[in-house]
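Structure file work.cif; described as mmCIF, C-alpha atoms.
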```
data_final
loop_
_atom_site.group_PDB
_atom_site.id
_atom_site.type_symbol
_atom_site.label_atom_id
_atom_site.label_comp_id
_atom_site.auth_asym_id
_atom_site.auth_seq_id
_atom_site.Cartn_x
_atom_site.Cartn_y
_atom_site.Cartn_z
ATOM 1 C CA LEU A 980 108.234 56.874 264.977
ATOM 2 C CA SER A 981 106.881 59.150 267.608
ATOM 3 C CA PRO A 982 103.305 60.351 267.344
ATOM 4 C CA THR A 983 104.637 63.864 267.085
ATOM 5 C CA SER A 984 106.797 63.252 264.078
ATOM 6 C CA SER A 985 104.007 61.362 262.353
ATOM 7 C CA SER A 986 101.608 64.196 262.980
ATOM 8 C CA ASN A 987 104.050 66.719 261.598
ATOM 9 C CA GLU A 988 104.644 64.703 258.427
ATOM 10 C CA ALA A 989 100.919 64.284 257.947
ATOM 11 C CA SER A 990 100.418 67.986 258.220
ATOM 12 C CA ASP A 991 103.081 68.596 255.541
ATOM 13 C CA MET A 992 101.516 66.213 252.996
ATOM 14 C CA VAL A 993 98.945 68.647 251.517
ATOM 15 C CA PRO A 994 97.747 67.829 247.970
ATOM 16 C CA ILE A 995 99.235 70.215 245.354
ATOM 17 C CA GLN A 996 96.558 71.818 243.164
ATOM 18 C CA PRO A 997 97.711 72.338 239.539
ATOM 19 C CA GLU A 998 97.729 75.928 238.303
ATOM 20 C CA LEU A 999 95.055 76.835 235.745
ATOM 21 C CA ILE A 1000 96.649 78.395 232.623
ATOM 22 C CA VAL A 1001 94.550 81.373 231.872
ATOM 23 C CA PRO A 1002 94.692 82.638 228.216
ATOM 24 C CA SER A 1003 96.432 85.870 227.726
ATOM 25 C CA GLU A 1004 94.235 88.876 227.248
ATOM 26 C CA ASN A 1005 96.281 89.709 224.004
ATOM 27 C CA ILE A 1006 95.311 86.511 222.087
ATOM 28 C CA SER A 1007 92.417 88.212 220.338
ATOM 29 C CA GLU A 1008 94.719 90.992 219.227
ATOM 30 C CA ASP A 1009 97.202 88.430 217.961
ATOM 31 C CA ILE A 1010 94.496 86.701 215.960
ATOM 32 C CA LYS A 1011 93.428 90.007 214.534
ATOM 33 C CA MET A 1012 97.004 90.727 213.514
ATOM 34 C CA ILE A 1013 97.314 87.277 211.926
ATOM 35 C CA LEU A 1014 94.073 87.740 210.018
ATOM 36 C CA THR A 1015 95.170 91.176 208.922
ATOM 37 C CA SER A 1016 98.484 89.735 207.706
ATOM 38 C CA ILE A 1017 96.631 86.978 205.863
ATOM 39 C CA ARG A 1018 94.428 89.555 204.182
ATOM 40 C CA GLN A 1019 97.467 91.576 203.190
ATOM 41 C CA ILE A 1020 99.159 88.471 201.805
ATOM 42 C CA SER A 1021 95.992 87.583 199.884
ATOM 43 C CA THR A 1022 95.840 91.108 198.506
ATOM 44 C CA THR A 1023 99.519 90.937 197.526
ATOM 45 C CA ILE A 1024 98.987 87.564 195.839
ATOM 46 C CA GLY A 1025 96.019 89.024 193.949
ATOM 47 C CA ASP A 1026 98.154 91.964 192.828
ATOM 48 C CA ILE A 1027 100.893 89.570 191.698
ATOM 49 C CA LYS A 1028 98.369 87.516 189.733
ATOM 50 C CA GLN A 1029 97.018 90.651 188.057
ATOM 51 C CA SER A 1030 100.546 91.819 187.320
ATOM 52 C CA ASN A 1031 101.389 88.429 185.794
ATOM 53 C CA LYS A 1032 98.218 88.625 183.724
ATOM 54 C CA ASP A 1033 99.196 92.065 182.474
ATOM 55 C CA ILE A 1034 102.712 90.860 181.663
ATOM 56 C CA LEU A 1035 101.293 87.843 179.809
ATOM 57 C CA GLY A 1036 99.034 90.141 177.833
ATOM 58 C CA ARG A 1037 101.963 92.354 176.914
ATOM 59 C CA LEU A 1038 104.061 89.328 175.901
ATOM 60 C CA THR A 1039 101.220 88.093 173.706
ATOM 61 C CA SER A 1040 100.987 91.513 172.105
ATOM 62 C CA ILE A 1041 104.754 91.611 171.572
ATOM 63 C CA GLU A 1042 104.718 88.134 170.012
ATOM 64 C CA ALA A 1043 101.921 89.175 167.669
ATOM 65 C CA HIS A 1044 103.866 92.331 166.755
ATOM 66 C CA LEU A 1045 107.035 90.310 166.128
ATOM 67 C CA SER A 1046 105.112 87.825 163.986
ATOM 68 C CA ASP A 1047 103.657 90.688 161.969
ATOM 69 C CA SER A 1048 107.128 92.224 161.652
ATOM 70 C CA ASP A 1049 108.537 88.896 160.455
ATOM 71 C CA GLY A 1050 105.811 88.709 157.819
ATOM 72 C CA ARG A 1051 106.584 92.238 156.642
ATOM 73 C CA LEU A 1052 110.312 91.480 156.593
ATOM 74 C CA THR A 1053 109.754 88.329 154.542
ATOM 75 C CA ALA A 1054 107.573 90.257 152.101
ATOM 76 C CA ALA A 1055 110.180 93.025 151.894
ATOM 77 C CA GLU A 1056 112.966 90.518 151.213
ATOM 78 C CA ALA A 1057 110.896 88.880 148.474
ATOM 79 C CA GLN A 1058 110.235 92.290 146.940
ATOM 80 C CA ILE A 1059 113.933 93.159 147.049
ATOM 81 C CA VAL A 1060 114.770 89.886 145.275
ATOM 82 C CA ALA A 1061 112.102 90.584 142.647
ATOM 83 C CA LEU A 1062 113.337 94.156 142.125
ATOM 84 C CA THR A 1063 116.943 92.976 141.897
ATOM 85 C CA SER A 1064 115.933 90.428 139.282
ATOM 86 C CA ALA A 1065 113.946 93.043 137.383
ATOM 87 C CA VAL A 1066 116.891 95.466 137.373
ATOM 88 C CA SER A 1067 119.195 92.670 136.260
ATOM 89 C CA ASP A 1068 116.799 91.818 133.420
ATOM 90 C CA LEU A 1069 116.600 95.457 132.358
ATOM 91 C CA HIS A 1070 120.388 95.667 132.012
ATOM 92 C CA PRO A 1071 120.605 92.686 129.532
ATOM 93 C CA SER A 1072 117.557 94.023 127.646
ATOM 94 C CA ARG A 1073 119.116 97.448 127.176
ATOM 95 C CA PHE A 1074 122.502 95.944 126.255
ATOM 96 C CA LEU A 1075 120.957 93.595 123.692
ATOM 97 C CA GLU A 1076 118.685 96.245 122.174
ATOM 98 C CA GLU A 1077 121.695 98.515 121.646
ATOM 99 C CA THR A 1078 124.307 95.900 120.671
ATOM 100 C CA LEU A 1079 122.561 93.124 118.734
ATOM 101 C CA PRO A 1080 121.244 95.231 115.815
ATOM 102 C CA ALA A 1081 124.732 96.541 115.080
ATOM 103 C CA LEU A 1082 126.355 93.165 115.685
ATOM 104 C CA LEU A 1083 123.918 91.372 113.356
ATOM 105 C CA LYS A 1084 123.956 94.230 110.817
ATOM 106 C CA LEU A 1085 120.191 94.550 110.975
ATOM 107 C CA PRO A 1086 118.475 97.240 108.885
ATOM 108 C CA GLU A 1087 118.751 100.677 110.429
ATOM 109 C CA GLY A 1088 115.857 101.473 112.734
ATOM 110 C CA THR A 1089 115.113 97.820 113.525
ATOM 111 C CA GLU A 1090 113.601 97.465 116.987
ATOM 112 C CA LEU A 1091 113.975 94.071 118.584
ATOM 113 C CA SER A 1092 111.041 94.696 120.968
ATOM 114 C CA ILE A 1093 112.495 92.512 123.716
ATOM 115 C CA GLU A 1094 109.803 91.450 126.169
ATOM 116 C CA ARG A 1095 112.188 89.770 128.595
ATOM 117 C CA ALA A 1096 115.902 88.982 128.763
ATOM 118 C CA HIS A 1097 117.803 87.175 131.479
ATOM 119 C CA ARG A 1098 120.706 84.852 132.009
ATOM 120 C CA SER A 1099 120.128 81.112 132.052
ATOM 121 C CA LEU A 1100 119.701 79.364 135.402
ATOM 122 C CA ALA A 1101 122.995 77.498 135.093
ATOM 123 C CA PRO A 1102 125.536 77.896 137.938
ATOM 124 C CA ARG A 1103 127.745 80.975 137.743
ATOM 125 C CA PRO A 1104 130.797 80.033 135.642
ATOM 126 C CA ALA A 1105 134.273 80.233 137.075
ATOM 127 C CA LEU A 1106 136.810 82.778 135.871
ATOM 128 C CA GLY A 1107 137.906 81.927 132.355
ATOM 129 C CA GLN A 1108 134.922 79.696 131.582
ATOM 130 C CA ARG A 1109 132.287 80.439 128.970
ATOM 131 C CA PRO A 1110 129.695 82.859 130.384
ATOM 132 C CA CYS A 1111 126.061 81.871 130.867
ATOM 133 C CA PRO A 1112 123.911 82.465 127.781
ATOM 134 C CA PHE A 1113 121.177 85.078 127.557
ATOM 135 C CA LEU A 1114 117.603 83.966 127.022
ATOM 136 C CA ILE A 1115 115.651 86.526 125.020
ATOM 137 C CA LYS A 1116 111.908 86.627 124.439
ATOM 138 C CA LEU A 1117 110.799 88.847 121.577
ATOM 139 C CA LEU A 1118 107.303 90.199 121.195
ATOM 140 C CA ARG A 1119 106.970 89.711 117.430
ATOM 141 C CA PHE A 1120 107.686 86.532 115.469
ATOM 142 C CA PRO A 1121 109.051 88.255 112.310
ATOM 143 C CA VAL A 1122 111.574 90.116 114.443
ATOM 144 C CA LYS A 1123 112.550 86.806 116.054
ATOM 145 C CA GLU A 1124 113.416 85.289 112.681
ATOM 146 C CA LEU A 1125 115.405 88.330 111.577
ATOM 147 C CA PRO A 1126 118.332 87.963 114.063
ATOM 148 C CA LEU A 1127 118.490 84.197 113.462
ATOM 149 C CA LYS A 1128 118.578 84.664 109.688
ATOM 150 C CA SER A 1129 121.190 87.389 109.950
ATOM 151 C CA ALA A 1130 123.338 85.255 112.284
ATOM 152 C CA ARG A 1131 123.240 82.373 109.790
ATOM 153 C CA GLU A 1132 124.250 84.630 106.915
ATOM 154 C CA ILE A 1133 127.074 86.383 108.750
ATOM 155 C CA GLY A 1134 128.437 83.215 110.324
ATOM 156 C CA ALA A 1135 130.941 83.986 113.081
ATOM 157 C CA LEU A 1136 129.988 86.976 115.223
ATOM 158 C CA ASP A 1137 132.599 88.877 117.190
ATOM 159 C CA TRP A 1138 132.026 91.424 119.959
ATOM 160 C CA GLU A 1139 135.073 92.972 121.646
ATOM 161 C CA GLY A 1140 137.115 89.851 121.003
ATOM 162 C CA HIS A 1141 134.403 87.447 122.129
ATOM 163 C CA ARG A 1142 132.649 84.977 119.852
ATOM 164 C CA ILE A 1143 128.876 85.317 119.913
ATOM 165 C CA LEU A 1144 126.533 82.445 118.989
ATOM 166 C CA VAL A 1145 122.822 82.880 118.337
ATOM 167 C CA PHE A 1146 120.405 79.951 118.658
ATOM 168 C CA PRO A 1147 116.639 79.595 118.896
ATOM 169 C CA ASP A 1148 115.414 78.452 122.320
ATOM 170 C CA LEU A 1149 113.916 75.041 121.527
ATOM 171 C CA SER A 1150 112.399 72.223 123.535
ATOM 172 C CA LYS A 1151 114.297 68.935 123.758
ATOM 173 C CA ALA A 1152 111.780 67.168 121.516
ATOM 174 C CA LEU A 1153 112.152 69.826 118.844
ATOM 175 C CA GLN A 1154 115.943 69.779 119.164
ATOM 176 C CA ASP A 1155 115.880 66.012 118.580
ATOM 177 C CA ARG A 1156 113.801 66.528 115.425
ATOM 178 C CA ARG A 1157 116.240 69.118 114.124
ATOM 179 C CA ARG A 1158 119.253 66.915 114.897
ATOM 180 C CA GLN A 1159 117.899 64.306 112.484
ATOM 181 C CA PHE A 1160 118.875 66.614 109.643
ATOM 182 C CA LEU A 1161 122.564 66.697 110.653
ATOM 183 C CA PRO A 1162 123.717 63.853 108.333
ATOM 184 C CA VAL A 1163 122.011 65.297 105.228
ATOM 185 C CA LYS A 1164 123.220 68.811 106.098
ATOM 186 C CA LYS A 1165 126.764 67.467 106.038
ATOM 187 C CA ILE A 1166 126.172 65.966 102.579
ATOM 188 C CA LEU A 1167 124.639 69.215 101.345
ATOM 189 C CA ARG A 1168 127.700 71.135 102.549
ATOM 190 C CA GLU A 1169 129.981 68.705 100.727
ATOM 191 C CA LYS A 1170 127.919 69.210 97.560
ATOM 192 C CA LYS A 1171 128.031 72.972 98.202
ATOM 193 C CA ALA A 1172 124.266 73.127 98.090
ATOM 194 C CA LYS A 1173 122.526 76.059 99.698
ATOM 195 C CA TYR A 1174 120.245 75.155 102.577
ATOM 196 C CA GLY A 1175 118.773 76.486 105.786
ATOM 197 C CA LEU A 1176 117.003 74.953 108.780
ATOM 198 C CA PHE A 1177 113.956 76.957 109.775
ATOM 199 C CA TYR A 1178 111.600 76.884 112.691
ATOM 200 C CA PRO A 1179 110.289 74.563 113.894
ATOM 201 C CA ALA A 1180 112.089 71.786 111.967
ATOM 202 C CA MET A 1181 111.939 72.604 108.286
ATOM 203 C CA LEU A 1182 114.960 72.156 106.031
ATOM 204 C CA GLN A 1183 114.951 74.442 102.996
ATOM 205 C CA VAL A 1184 117.194 73.431 100.108
ATOM 206 C CA THR A 1185 117.914 75.372 96.923
ATOM 207 C CA TYR A 1186 118.596 72.858 94.130
ATOM 208 C CA LYS A 1187 119.054 73.750 90.454
ATOM 209 C CA GLY A 1188 117.493 77.132 91.011
ATOM 210 C CA GLU A 1189 114.483 75.671 92.780
ATOM 211 C CA THR A 1190 113.865 76.086 96.514
ATOM 212 C CA LEU A 1191 112.311 73.091 98.236
ATOM 213 C CA SER A 1192 111.223 72.642 101.834
ATOM 214 C CA PHE A 1193 111.337 69.354 103.739
ATOM 215 C CA GLY A 1194 109.843 68.441 107.097
ATOM 216 C CA MET A 1195 111.008 64.808 107.007
ATOM 217 C CA VAL A 1196 114.648 63.828 106.807
ATOM 218 C CA GLU A 1197 113.758 60.848 104.564
ATOM 219 C CA ASP A 1198 112.543 63.203 101.848
ATOM 220 C CA VAL A 1199 115.824 65.144 101.900
ATOM 221 C CA GLU A 1200 117.796 61.892 101.721
ATOM 222 C CA LYS A 1201 115.917 60.982 98.507
ATOM 223 C CA LEU A 1202 116.872 64.349 97.019
ATOM 224 C CA VAL A 1203 120.498 63.929 98.027
ATOM 225 C CA LYS A 1204 120.674 60.449 96.554
#
```
Could you spell out this file's structure in structure tokens?
Amino acid sequence: LSPTSSSNEASDMVPIQPELIVPSENISEDIKMILTSIRQISTTIGDIKQSNKDILGRLTSIEAHLSDSDGRLTAAEAQIVALTSAVSDLHPSRFLEETLPALLKLPEGTELSIERAHRSLAPRPALGQRPCPFLIKLLRFPVKELPLKSAREIGALDWEGHRILVFPDLSKALQDRRRQFLPVKKILREKKAKYGLFYPAMLQVTYKGETLSFGMVEDVEKLVK
């Protein structure tokens, strides 16, 4: 290589100084804008939280109102059922007060004084089956015995082509006691003796002009024998 060329190359090999990146003068403005945006977002989030809180409060109020409405509806339904039952009871009471005295040929002016009357709790019978019986509660005991006595004396009762049976409402234990008299009652009927079974379980027999009362079936059996 010639000295000239070497000198020229040496003169061209100047170290390259890296450029210094100077921050833009707008960075501070950008940061301000970012901070402003962050504040706006924070404010928006706060508003959303408050809105959600308000909505939650309203939902809680609505739930409480619905719960109160459900309670009122349940109470109203119960009252409707009670009123329906009461109206249904009033209809049998009025029917029985008007029909039974004539049917049983009770003395004119007899008031049954029915405290409560309703159908039994048995399932509703199908068409053509025997209807559910009425249960009647009378206020006065003498009046209670009067329809039973009249029903026994008349025998078969008929109302508009329907056979009517009248029985005292007895507990199972008392019914069992009264059933014990069935065999001797059959014998008394065969002997054409006059008798009657009275509450609670007392058999009254008229024998040779004398009326006797028996609470034990064994005593009646001795009389029959």
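In this comparison, which uses only C-alpha atoms, the residue of A:Asp1137, A:Glu1090, A:Asp1026, A:Glu1200 approaching Val1122 in chain A most closely is A:Glu1090.
Residues surrounding Arg1158 in chain A within 12 Å are Leu1149, Lys1151, Ala1152, Leu1153, Val1163, Lys1164, Lys1165, Leu1176, Pro1179, Ala1180, Met1181, Leu1182, Met1195 and Val1196 of chain A [only C-alpha atoms; sequence separation below 5 positions excluded].
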Would you list the residues near (122.6, 79.3, 117.2) (no more than 10 Å away, in the coordinates of the file, using all atoms listed in the file) as a tab-separated table (two decimals) with C-alpha atoms, in the frame of the given file?
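Below is the file part.tsv, written as the result:
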```tsv
chain	number	residue	atom	x	y	z
A	1127	LEU	CA	118.49	84.20	113.46
A	1130	ALA	CA	123.34	85.26	112.28
A	1131	ARG	CA	123.24	82.37	109.79
A	1134	GLY	CA	128.44	83.22	110.32
A	1143	ILE	CA	128.88	85.32	119.91
A	1144	LEU	CA	126.53	82.44	118.99
A	1145	VAL	CA	122.82	82.88	118.34
A	1146	PHE	CA	120.40	79.95	118.66
A	1147	PRO	CA	116.64	79.60	118.90
A	1148	ASP	CA	115.41	78.45	122.32
```
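You can rank A:Lys1171, A:His1141, A:Arg1109, A:Lys1116 by their closest distance to His1097 in chain A using all atoms listed in the file, and at the top of that list sits A:Lys1116.
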Residue nearest Leu1125 in chain A - candidates A:Cys1111, A:Arg1103, A:Pro1080, A:Glu1094, atoms counted: all atoms listed in the file
A:Pro1080
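Running the PyMOL selection byres ((chain A and resi 1095) around 9) on this file leaves Asp1068, Leu1069, Pro1071, Ser1072, Ile1093, Glu1094, Ala1096, His1097, Leu1114, Ile1115, Lys1116, Leu1117 and Leu1118 of chain A selected.
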Tell me, in Å to one decimal, how far CA of Ser1150 in chain A is from CA of Tyr1178 in chain A.
11.8 Å
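Computed from the coordinates, the CA of Ala1135 in chain A to CA of Lys1084 in chain A distance equals 12.6 Å.
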Neighbour residues at most 12 Å from (115.2, 67.7, 103.9) (only C-alpha atoms) as a short mmCIF file (atom, residue, chain, number, x, y, z; two decimals) with C-alpha atoms, in the frame of the given file:
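Now in point-v2.cif:
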```cif
data_model
loop_
_atom_site.label_atom_id
_atom_site.label_comp_id
_atom_site.auth_asym_id
_atom_site.auth_seq_id
_atom_site.Cartn_x
_atom_site.Cartn_y
_atom_site.Cartn_z
CA ARG A 1156 113.80 66.53 115.42
CA ARG A 1157 116.24 69.12 114.12
CA ARG A 1158 119.25 66.92 114.90
CA GLN A 1159 117.90 64.31 112.48
CA PHE A 1160 118.88 66.61 109.64
CA LEU A 1161 122.56 66.70 110.65
CA PRO A 1162 123.72 63.85 108.33
CA VAL A 1163 122.01 65.30 105.23
CA LYS A 1164 123.22 68.81 106.10
CA LYS A 1165 126.76 67.47 106.04
CA ILE A 1166 126.17 65.97 102.58
CA LEU A 1167 124.64 69.22 101.34
CA LYS A 1173 122.53 76.06 99.70
CA TYR A 1174 120.24 75.16 102.58
CA GLY A 1175 118.77 76.49 105.79
CA LEU A 1176 117.00 74.95 108.78
CA PHE A 1177 113.96 76.96 109.78
CA ALA A 1180 112.09 71.79 111.97
CA MET A 1181 111.94 72.60 108.29
CA LEU A 1182 114.96 72.16 106.03
CA GLN A 1183 114.95 74.44 103.00
CA VAL A 1184 117.19 73.43 100.11
CA THR A 1185 117.91 75.37 96.92
CA TYR A 1186 118.60 72.86 94.13
CA THR A 1190 113.86 76.09 96.51
CA LEU A 1191 112.31 73.09 98.24
CA SER A 1192 111.22 72.64 101.83
CA PHE A 1193 111.34 69.35 103.74
CA GLY A 1194 109.84 68.44 107.10
CA MET A 1195 111.01 64.81 107.01
CA VAL A 1196 114.65 63.83 106.81
CA GLU A 1197 113.76 60.85 104.56
CA ASP A 1198 112.54 63.20 101.85
CA VAL A 1199 115.82 65.14 101.90
CA GLU A 1200 117.80 61.89 101.72
CA LYS A 1201 115.92 60.98 98.51
CA LEU A 1202 116.87 64.35 97.02
CA VAL A 1203 120.50 63.93 98.03
CA LYS A 1204 120.67 60.45 96.55
#
```
